[in-house]
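Asks: Could you have a look at this structure, given as structure tokens, before my questions?
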Amino acid sequence: MLRDGELEIVGRLIASTNHAMYSRLTRRCPEPEAPDIVDAVYKPIAGERPLDDFPDGTLARREVAAWAVSEASGWSIVPPTVLRDGPFGEGAVQLWIDVDERVDVVALVVDDDPRLRRVAIFDAIVNNTDRKGGHLLPVRGGHIFGVDHGVCFSAVPKLRTVLWGWRGERLDDAELEVVARVRAALDGELRVRLAEVLDPTEVSATVRRADRLLDTGRFPRPSPNWPAVPWPPF
């Protein structure tokens, strides 16, 4: 559906700095069946704001790379995301997530909700430079998605996140098993998928970050060399 559905723009997400569009995807079915319809977020490359520390026109590809790492982990942190053409050219198209409005995201972060541990580990692997509280999407049933990964995968270490509650703590055996799974995938299919959308130096840096997590067996600590928390944090 995301890759092949007919993409229609419904409206713009005003809070987005990169012209993200709320969209609807339709796939026609043989009559008398009704068409398949899903909602999505479309982020055209043409709408990306230039940044000082990331090459122009690469943010959509980083969104797709983040989904690939998420899938390799088995944690399903990132909603399904593809790179495809749309009304404003090529861009990332990501499944729309309906948030459980009853959940207080600020409380999740401040209270170090254990469900966010895996998000913190994922962010360490992809070198997320902008993990705000507003990028966490809790849904009914308890799962928490993470979105807005256009500024990940820099070859320069600069993790910026609100999820420092476990800094320096040990990863448990199940978490280390997942990191090892991602690291193994980086020697195979995942490396191929990342190479399609990232620079080779960024792929190699992802391998090094996974290796470091396995070597230390601990959550990273904030660096004193750059701001460790994004602004605004939510």
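Order determines the names: the first chain of the structure tokens is A, the second B, and so forth; residues in each chain are numbered 1 upward, and ligands are numbered 1 upward as they are shown.
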Excluding segment 220-224 of chain A and its own-chain neighbours fewer than 4 positions away, which residues fall within 10 Å of it when counting only C-alpha atoms? Please give them as a list in words.
Replies: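 Near segment 220-224 of chain A, the qualifying residues are Ala120, Ile121, Ala124, Pro157, Lys158, Leu159, Arg160, Thr161, Trp164, Gly165, Trp166, Arg167, Gly168, Glu169, Arg170, Arg212, Leu213, Thr216, Ala228 and Val229 of chain A.
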Asks: The selected residues should be written to file as a tab-separated table (two decimals), in the first residue's frame (atoms: C-alpha atoms).
Replies:
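Below is the file that was written, part_28.tsv:
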chain	number	residue	atom	x	y	z
A	120	ALA	CA	17.06	4.55	23.69
A	121	ILE	CA	19.06	1.57	22.41
A	124	ALA	CA	22.18	4.82	20.07
A	157	PRO	CA	28.88	10.83	17.15
A	158	LYS	CA	26.30	13.34	18.41
A	159	LEU	CA	23.44	11.56	20.12
A	160	ARG	CA	20.83	14.09	21.30
A	161	THR	CA	17.86	12.67	23.15
A	164	TRP	CA	19.07	9.54	29.25
A	165	GLY	CA	17.35	7.80	32.18
A	166	TRP	CA	19.46	4.64	31.79
A	167	ARG	CA	22.80	6.28	30.97
A	168	GLY	CA	25.67	4.02	31.90
A	169	GLU	CA	23.40	1.17	33.00
A	170	ARG	CA	23.91	-2.34	31.74
A	212	ARG	CA	30.46	-0.43	20.84
A	213	LEU	CA	27.14	-1.30	22.46
A	216	THR	CA	30.52	-2.11	26.60
A	228	ALA	CA	23.04	16.11	24.69
A	229	VAL	CA	19.34	17.10	24.81
Asks: Show which residues sit within 7 Å of segment 86-97 of chain A, as a PyMOL selection string. Count only C-alpha atoms, and ignore same-chain residues fewer than 2 positions away.
Replies: chain A and resi 2+7+39-46+60-61+63-64+79-84+99
Asks: Considering only strand (DSSP E) as DSSP defines it on the backbone, what residues of segment 112-219 of chain A qualify? List them as an NGL selection string.
Replies: :A and (136-138 or 144-146)
Asks: Run DSSP on the backbone and give me the residues of segment 10-206 of chain A it puts in helix (DSSP H, G or I), as a ChimeraX atom specification.
Replies: /A:45-47,59-73,105-110,114-126,133-135,173-185,189-195,200-206
Asks: Would you list the contacts of Leu59 of chain A as a ChimeraX atom specification, taking every protein, DNA or RNA residue within 12 Å and counting only C-alpha atoms, but skipping same-chain residues closer than 3 positions in sequence?
Replies: /A:17-18,20,43-51,53-56,62-66,83,90-92,148-154,197-198
Asks: Residues of segment 88-175 of chain A that have any atom at most 12 Å from an atom of segment 68-76 of chain A: could you tabulate them with the shortest-distance atom pair and the distance in Å to one decimal, using only C-alpha atoms, ordered by chain and increasing number, as CSV?
Replies:
residue,atom,partner,partner_atom,distance
A:Arg115,CA,A:Trp75,CA,10.8
A:Leu116,CA,A:Trp75,CA,11.2
A:Arg117,CA,A:Trp75,CA,11.2
A:Arg118,CA,A:Trp75,CA,7.6
A:Val119,CA,A:Trp75,CA,8.8
A:Ala120,CA,A:Trp75,CA,12.0
A:Ile121,CA,A:Ser73,CA,10.3
A:Phe122,CA,A:Ser70,CA,7.4
A:Asp123,CA,A:Ser70,CA,10.0
A:Ala124,CA,A:Val69,CA,11.6
A:Ile125,CA,A:Val69,CA,8.6
A:Val126,CA,A:Val69,CA,7.9
A:Asn127,CA,A:Val69,CA,11.7
A:His143,CA,A:Ser76,CA,9.1
A:Ile144,CA,A:Ser76,CA,9.0
A:Phe145,CA,A:Ser76,CA,7.4
A:Gly146,CA,A:Ser76,CA,9.1
A:Val147,CA,A:Ser70,CA,11.1
A:His149,CA,A:Ser70,CA,11.2
A:Cys152,CA,A:Val69,CA,11.4
A:Phe153,CA,A:Val69,CA,10.8
A:Ala174,CA,A:Ser73,CA,11.4
A:Glu175,CA,A:Ser73,CA,9.7
